[in-house]
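A.B. asks: Got my_file34.txt for you, compact mmCIF, C-alpha atoms and all ligand atoms:
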# COMPACT_ATOMS: atom_id res chain seq x y z
CA MET A 1 0.00 0.00 0.00
CA PRO A 2 1.50 3.34 -1.00
CA LEU A 3 1.82 6.01 1.67
CA ALA A 4 1.45 9.68 0.76
CA VAL A 5 4.37 11.36 2.56
CA ALA A 6 3.83 14.86 1.17
CA PRO A 7 2.42 16.27 -2.08
CA GLY A 8 4.40 14.50 -4.83
CA VAL A 9 6.19 12.13 -2.42
CA THR A 10 4.99 8.51 -2.27
CA HIS A 11 6.47 5.64 -0.23
CA TRP A 12 5.85 1.95 -0.99
CA PRO A 13 7.20 0.00 2.00
CA GLY A 14 8.28 -3.52 1.03
CA TYR A 15 7.71 -3.02 -2.69
CA PHE A 16 10.24 -5.81 -3.41
CA ASP A 17 9.80 -9.03 -1.42
CA ALA A 18 12.80 -10.90 0.00
CA GLY A 19 13.26 -13.06 -3.11
CA GLU A 20 13.14 -10.07 -5.46
CA GLN A 21 15.61 -8.18 -3.28
CA ALA A 22 18.08 -11.07 -3.41
CA ALA A 23 17.66 -11.39 -7.19
CA LEU A 24 18.22 -7.68 -7.60
CA VAL A 25 21.39 -7.78 -5.49
CA ALA A 26 22.72 -10.57 -7.74
CA GLU A 27 21.95 -8.48 -10.83
CA LEU A 28 23.62 -5.44 -9.31
CA ARG A 29 26.70 -7.49 -8.50
CA GLU A 30 26.96 -8.27 -12.21
CA VAL A 31 26.47 -4.58 -13.05
CA ALA A 32 29.28 -3.68 -10.61
CA ARG A 33 31.56 -6.29 -12.17
CA GLN A 34 31.17 -4.55 -15.52
CA ALA A 35 31.08 -1.01 -14.11
CA PRO A 36 33.07 -0.97 -10.84
CA PHE A 37 32.04 1.32 -7.97
CA PHE A 38 34.03 4.56 -7.99
CA THR A 39 34.39 7.34 -5.42
CA PRO A 40 32.85 10.54 -6.73
CA ARG A 41 34.48 13.87 -5.83
CA MET A 42 33.00 17.29 -5.15
CA PRO A 43 33.14 19.81 -7.97
CA LYS A 44 35.99 22.34 -7.57
CA THR A 45 37.40 21.03 -4.24
CA GLY A 46 37.79 17.40 -5.30
CA LYS A 47 36.76 16.29 -1.79
CA PRO A 48 35.61 12.64 -1.94
CA PHE A 49 31.97 11.74 -1.25
CA SER A 50 31.32 9.28 1.59
CA VAL A 51 29.22 7.10 -0.74
CA ARG A 52 30.60 5.05 -3.62
CA MET A 53 28.72 4.96 -6.91
CA THR A 54 28.20 3.28 -10.18
CA ASN A 55 25.38 3.40 -12.75
CA CYS A 56 23.43 1.37 -15.23
CA GLY A 57 21.28 2.56 -18.11
CA VAL A 58 22.04 4.72 -21.11
CA LEU A 59 23.37 7.57 -18.96
CA GLY A 60 25.10 7.69 -15.60
CA TRP A 61 25.54 10.45 -13.06
CA VAL A 62 29.13 11.30 -12.17
CA SER A 63 30.83 14.02 -10.15
CA ASP A 64 34.42 15.22 -10.05
CA GLU A 65 36.43 18.46 -10.27
CA GLY A 66 34.72 19.08 -13.63
CA GLY A 67 31.28 19.21 -12.02
CA TYR A 68 28.13 17.13 -11.72
CA ARG A 69 26.93 15.64 -14.98
CA TYR A 70 25.43 12.70 -16.83
CA GLN A 71 27.57 10.80 -19.29
CA PRO A 72 27.26 7.58 -21.31
CA ASN A 73 30.57 6.14 -20.08
CA HIS A 74 32.15 5.06 -16.80
CA PRO A 75 34.57 7.80 -15.65
CA GLU A 76 37.42 5.36 -14.95
CA THR A 77 37.06 2.51 -17.44
CA GLY A 78 35.56 4.59 -20.28
CA GLU A 79 33.12 1.74 -20.99
CA PRO A 80 29.41 2.32 -21.61
CA TRP A 81 27.23 1.69 -18.54
CA PRO A 82 25.62 -1.79 -18.38
CA ALA A 83 21.95 -2.11 -19.31
CA MET A 84 19.31 -1.60 -16.64
CA PRO A 85 18.02 -4.92 -15.26
CA SER A 86 14.45 -5.55 -16.40
CA ARG A 87 13.05 -5.61 -12.87
CA LEU A 88 14.14 -1.97 -12.51
CA LEU A 89 12.40 -1.04 -15.74
CA GLN A 90 9.33 -2.84 -14.44
CA ALA A 91 9.42 -0.97 -11.12
CA TRP A 92 9.57 2.31 -13.05
CA GLU A 93 6.62 1.25 -15.24
CA GLU A 94 4.58 0.35 -12.18
CA LEU A 95 5.43 3.31 -9.97
CA ALA A 96 6.69 6.32 -11.93
CA GLY A 97 3.50 7.24 -13.75
CA TYR A 98 5.57 8.42 -16.70
CA PRO A 99 5.25 7.04 -20.23
CA LEU A 100 8.95 6.84 -21.17
CA PRO A 101 11.54 4.49 -19.64
CA PRO A 102 14.22 5.71 -17.22
CA GLN A 103 17.53 6.73 -18.80
CA ALA A 104 19.77 6.58 -15.75
CA CYS A 105 20.01 4.44 -12.65
CA LEU A 106 22.51 5.73 -10.12
CA ILE A 107 23.65 3.05 -7.68
CA ASN A 108 24.91 4.44 -4.37
CA PHE A 109 26.62 2.29 -1.77
CA TYR A 110 26.53 3.64 1.78
CA GLU A 111 28.96 2.26 4.36
CA PRO A 112 27.36 2.45 7.83
CA THR A 113 29.07 5.81 8.42
CA ALA A 114 28.13 7.36 5.07
CA LYS A 115 25.59 10.19 4.75
CA MET A 116 24.24 12.40 2.04
CA GLY A 117 23.65 16.08 2.78
CA LEU A 118 20.40 17.78 1.80
CA HIS A 119 20.44 18.52 -1.92
CA GLN A 120 18.17 18.84 -4.94
CA ASP A 121 18.34 16.50 -7.94
CA ARG A 122 18.62 19.12 -10.65
CA ASP A 123 21.22 17.98 -13.14
CA GLU A 124 18.52 16.69 -15.48
CA GLU A 125 17.26 18.72 -18.46
CA ASP A 126 13.70 17.77 -17.79
CA PHE A 127 11.82 17.53 -14.50
CA ALA A 128 8.56 16.11 -15.88
CA ALA A 129 9.32 12.59 -14.63
CA PRO A 130 9.71 11.74 -10.95
CA VAL A 131 12.86 10.39 -9.32
CA LEU A 132 12.26 6.79 -8.25
CA SER A 133 14.40 5.56 -5.35
CA LEU A 134 14.76 1.88 -4.41
CA SER A 135 16.47 0.76 -1.22
CA LEU A 136 18.33 -2.48 -0.42
CA GLY A 137 20.19 -3.55 2.72
CA ASP A 138 20.38 -1.57 5.94
CA THR A 139 17.59 0.90 6.70
CA ALA A 140 18.33 4.58 6.17
CA LEU A 141 16.95 7.63 7.88
CA PHE A 142 15.84 9.72 4.91
CA ARG A 143 14.80 13.37 5.10
CA ILE A 144 12.81 15.34 2.55
CA GLY A 145 11.58 18.93 2.63
CA GLY A 146 10.37 21.57 0.24
CA THR A 147 12.00 23.21 -2.73
CA VAL A 148 13.73 25.93 -0.71
CA ARG A 149 16.74 25.23 1.45
CA GLY A 150 16.18 25.57 5.18
CA GLY A 151 12.44 24.80 5.10
CA LYS A 152 10.53 22.24 7.14
CA THR A 153 11.47 18.60 6.49
CA VAL A 154 9.97 15.19 7.27
CA SER A 155 12.01 12.12 8.18
CA LEU A 156 11.17 8.57 7.28
CA LYS A 157 12.92 5.25 7.37
CA LEU A 158 13.68 3.57 4.06
CA ALA A 159 14.07 -0.17 4.61
CA SER A 160 15.28 -2.90 2.28
CA GLY A 161 12.79 -3.39 -0.54
CA ASP A 162 11.15 0.02 -0.15
CA ALA A 163 10.39 2.30 -3.08
CA LEU A 164 9.95 6.06 -2.89
CA ALA A 165 9.05 8.47 -5.68
CA PHE A 166 9.31 12.25 -5.62
CA GLY A 167 7.90 14.15 -8.53
CA GLY A 168 5.48 16.90 -9.46
CA ALA A 169 5.50 19.53 -6.72
CA ALA A 170 8.29 17.60 -4.97
CA ARG A 171 10.54 16.96 -7.98
CA LEU A 172 13.01 19.59 -6.78
CA ALA A 173 12.51 18.92 -3.07
CA TYR A 174 15.62 18.98 -0.87
CA HIS A 175 16.42 15.49 0.40
CA GLY A 176 19.26 13.56 1.98
CA ILE A 177 20.33 10.65 4.16
CA ASP A 178 21.04 11.44 7.81
CA ARG A 179 22.08 8.02 8.98
CA ILE A 180 22.34 4.33 8.13
CA LEU A 181 21.07 1.90 10.77
CA ALA A 182 23.89 -0.66 10.57
CA GLY A 183 22.82 -4.26 11.05
CA SER A 184 19.11 -3.61 10.42
CA SER A 185 19.09 -5.92 7.37
CA SER A 186 20.85 -9.17 6.55
CA LEU A 187 20.34 -8.90 2.79
CA LEU A 188 23.91 -7.84 2.00
CA PRO A 189 26.95 -9.83 3.14
CA GLN A 190 28.35 -6.68 4.74
CA ALA A 191 26.76 -3.82 6.69
CA GLY A 192 25.61 -0.95 4.52
CA ARG A 193 22.95 0.14 2.11
CA ILE A 194 22.43 0.26 -1.62
CA ASN A 195 20.17 2.94 -3.04
CA LEU A 196 19.10 3.07 -6.66
CA THR A 197 17.74 6.27 -8.17
CA LEU A 198 16.06 5.97 -11.53
CA ARG A 199 15.65 9.12 -13.57
CA ARG A 200 14.80 10.64 -16.91
CA VAL A 201 17.59 12.99 -17.98
CA THR A 202 16.91 14.51 -21.39
CA LYS A 203 13.81 16.24 -22.74
CA PRO A 204 11.76 13.90 -24.89
CA ARG A 205 12.14 14.58 -28.61
CA VAL A 206 8.86 15.42 -30.29
C1 LIG B 301 20.14 10.47 -3.48
O1 LIG B 301 19.52 11.47 -3.16
O2 LIG B 301 20.90 10.44 -4.46
C2 LIG B 301 20.03 9.21 -2.71
C3 LIG B 301 18.88 9.15 -1.78
C4 LIG B 301 18.93 7.86 -1.01
O3 LIG B 301 20.02 7.31 -0.80
O4 LIG B 301 17.86 7.39 -0.57
FE FE2 B 302 19.26 12.97 -4.61
What is this file in structure tokens?
C.D. replies:
Amino acid sequence: MPLAVAPGVTHWPGYFDAGEQAALVAELREVARQAPFFTPRMPKTGKPFSVRMTNCGVLGWVSDEGGYRYQPNHPETGEPWPAMPSRLLQAWEELAGYPLPPQACLINFYEPTAKMGLHQDRDEEDFAAPVLSLSLGDTALFRIGGTVRGGKTVSLKLASGDALAFGGAARLAYHGIDRILAGSSSLLPQAGRINLTLRRVTKPRV
């Protein structure tokens, strides 16, 4: 049953059952074999992020001294990103309410000490489609607010198998991860959390 968190923000607790979560982890392991996790760096300063990332899909999100951007190739190997597993495309079809398939799936790995500061997802050309977030492994304390920095926020826990979409009025909402609850899931062989964010990037051609 979907929960309405705020206008434009919907949470589906336990969207993937245990078997689907395990199958997805196996598929992501294969993605990571082809496109190894890398440590993104902040634009300008080059300071490393606390999360590690990789991508699948036609485009992938990367960040380094040159800025935040989407590109069709892995920043270290130069190879194209692996295809998006079909169960991710299916989740998008079921939950996104958008007629075109996702172009990018960013895969973030959070060690138990990793966090993500409040930010907007605004590197896309087009904000018509929602961002669809899928969580695997340890539960995270997620925070989402309005479209202006410093406004009121709500916190919710994202557990393994949960889906969350933010779109419409919330497409540019500030959001972040305050904390990972280490040991809350036994899905992954190690403590930590995987988050997938599926997005449209370019404006549809007419
Ligand atoms: C993100 O905003 O890129 C990730 C959100 C999450 O980890 O749930
Ligand atoms: Fe984000």
A.B. asks: Could you check how far atom CA of A:Leu141 sits from atom CA of A:His175, in Å to one decimal?
C.D. replies: 10.9 Å
A.B. asks: Write out as a list in words each polymer residue (protein, DNA or RNA) that has an atom no more than 7 Å from ligand LIG 301 (chain B), with only C-alpha atoms and all ligand atoms counted.
C.D. replies: Asn108, Ser133, Ser135, Phe142, His175, Gly176, Ile177, Asn195 and Thr197 of chain A
A.B. asks: Counting only C-alpha atoms and all ligand atoms, which protein, DNA or RNA residues come within 12 Å of ligand FE2 302 (chain B), given as JSON, numbers by chain?
C.D. replies: {"A": [61, 105, 106, 107, 108, 115, 116, 117, 118, 119, 120, 121, 122, 123, 124, 130, 131, 132, 133, 134, 142, 143, 144, 164, 165, 166, 170, 171, 172, 173, 174, 175, 176, 177, 195, 196, 197, 198, 199]}
A.B. asks: State, in Å with one decimal place, the distance from atom CA of A:Glu20 to atom CA of A:Gly161.
C.D. replies: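 Atom-to-atom, atom CA of A:Glu20 to atom CA of A:Gly161, that is 8.3 Å.
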A.B. asks: Atom CA of A:Ala6 and atom CA of A:Thr153, how far apart in Å?
C.D. replies: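 Spanning atom CA of A:Thr153 to atom CA of A:Ala6 is a straight-line distance of 10.0 Å.
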A.B. asks: Given the choices A:Pro40, A:Glu27, A:Ala140, A:Leu3, which gets closest to A:Thr113 if the distance is worked out from only C-alpha atoms?
C.D. replies: A:Ala140
A.B. asks: Quick one: axis-aligned box around all listed atoms of stretch 48-62 of chain A, 3 Å on every side, centre and edge lengths in Å to one decimal, written as AutoDock Vina command-line options.
C.D. replies:
--center_x 28.4 --center_y 7.0 --center_z -9.8 --size_x 20.3 --size_y 17.3 --size_z 28.7
A.B. asks: Excluding same-chain residues fewer than 5 positions from A:Glu125, what lies within 10 Å of it counting all atoms listed in the file, as a VMD selection string?
C.D. replies: chain A and resid 200 to 204
A.B. asks: Give me, as a list in words, all polymer residues having an atom no more than 9 Å from A:Pro85, counting all atoms listed in the file and skipping those fewer than 2 positions away in the same chain.
C.D. replies: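 That gives Leu24, Glu27, Leu28, Val31, Cys56, Gly57, Pro82, Ala83, Arg87, Leu88, Leu89 and Gln90 of chain A.
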A.B. asks: Go through A:Ala129, A:Ala114, A:Ala104, A:Ala18 one by one, measure the shortest atom-to-atom distance of each to A:Pro48 using only C-alpha atoms, and give the residue with the smallest value.
C.D. replies: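 Residue with the minimum atom-to-atom distance to A:Pro48: A:Ala114.
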A.B. asks: So which residues fall inside 6 Å of (4.8, 14.2, -6.9) if we count all atoms listed in the file? Mind giving them as a list in words?
C.D. replies: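 In the file's frame, the residues around the point are Pro7, Gly8, Val9, Phe166, Gly167, Gly168, Ala169 and Ala170 of chain A.
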A.B. asks: Go through A:Val5, A:Tyr70, A:Trp12, A:Pro102 one by one, measure the shortest atom-to-atom distance of each to A:Ser160 using all atoms listed in the file, and give the residue with the smallest value.
C.D. replies: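 Using all atoms listed in the file, A:Ser160 sits closest to A:Trp12.
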A.B. asks: Could you tell me which of A:Lys47, A:Glu76, A:Tyr68, A:Met84 comes closest to A:Glu30 if we count only C-alpha atoms?
C.D. replies: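 Selected residue with least distance to A:Glu30: A:Met84.
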A.B. asks: Which of these, A:Asp126, A:Gly78, A:Thr147, A:Pro43, has the shortest distance to A:Arg205 once you count all atoms listed in the file?
C.D. replies: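 So, comparing all the options, the nearest one is A:Asp126.
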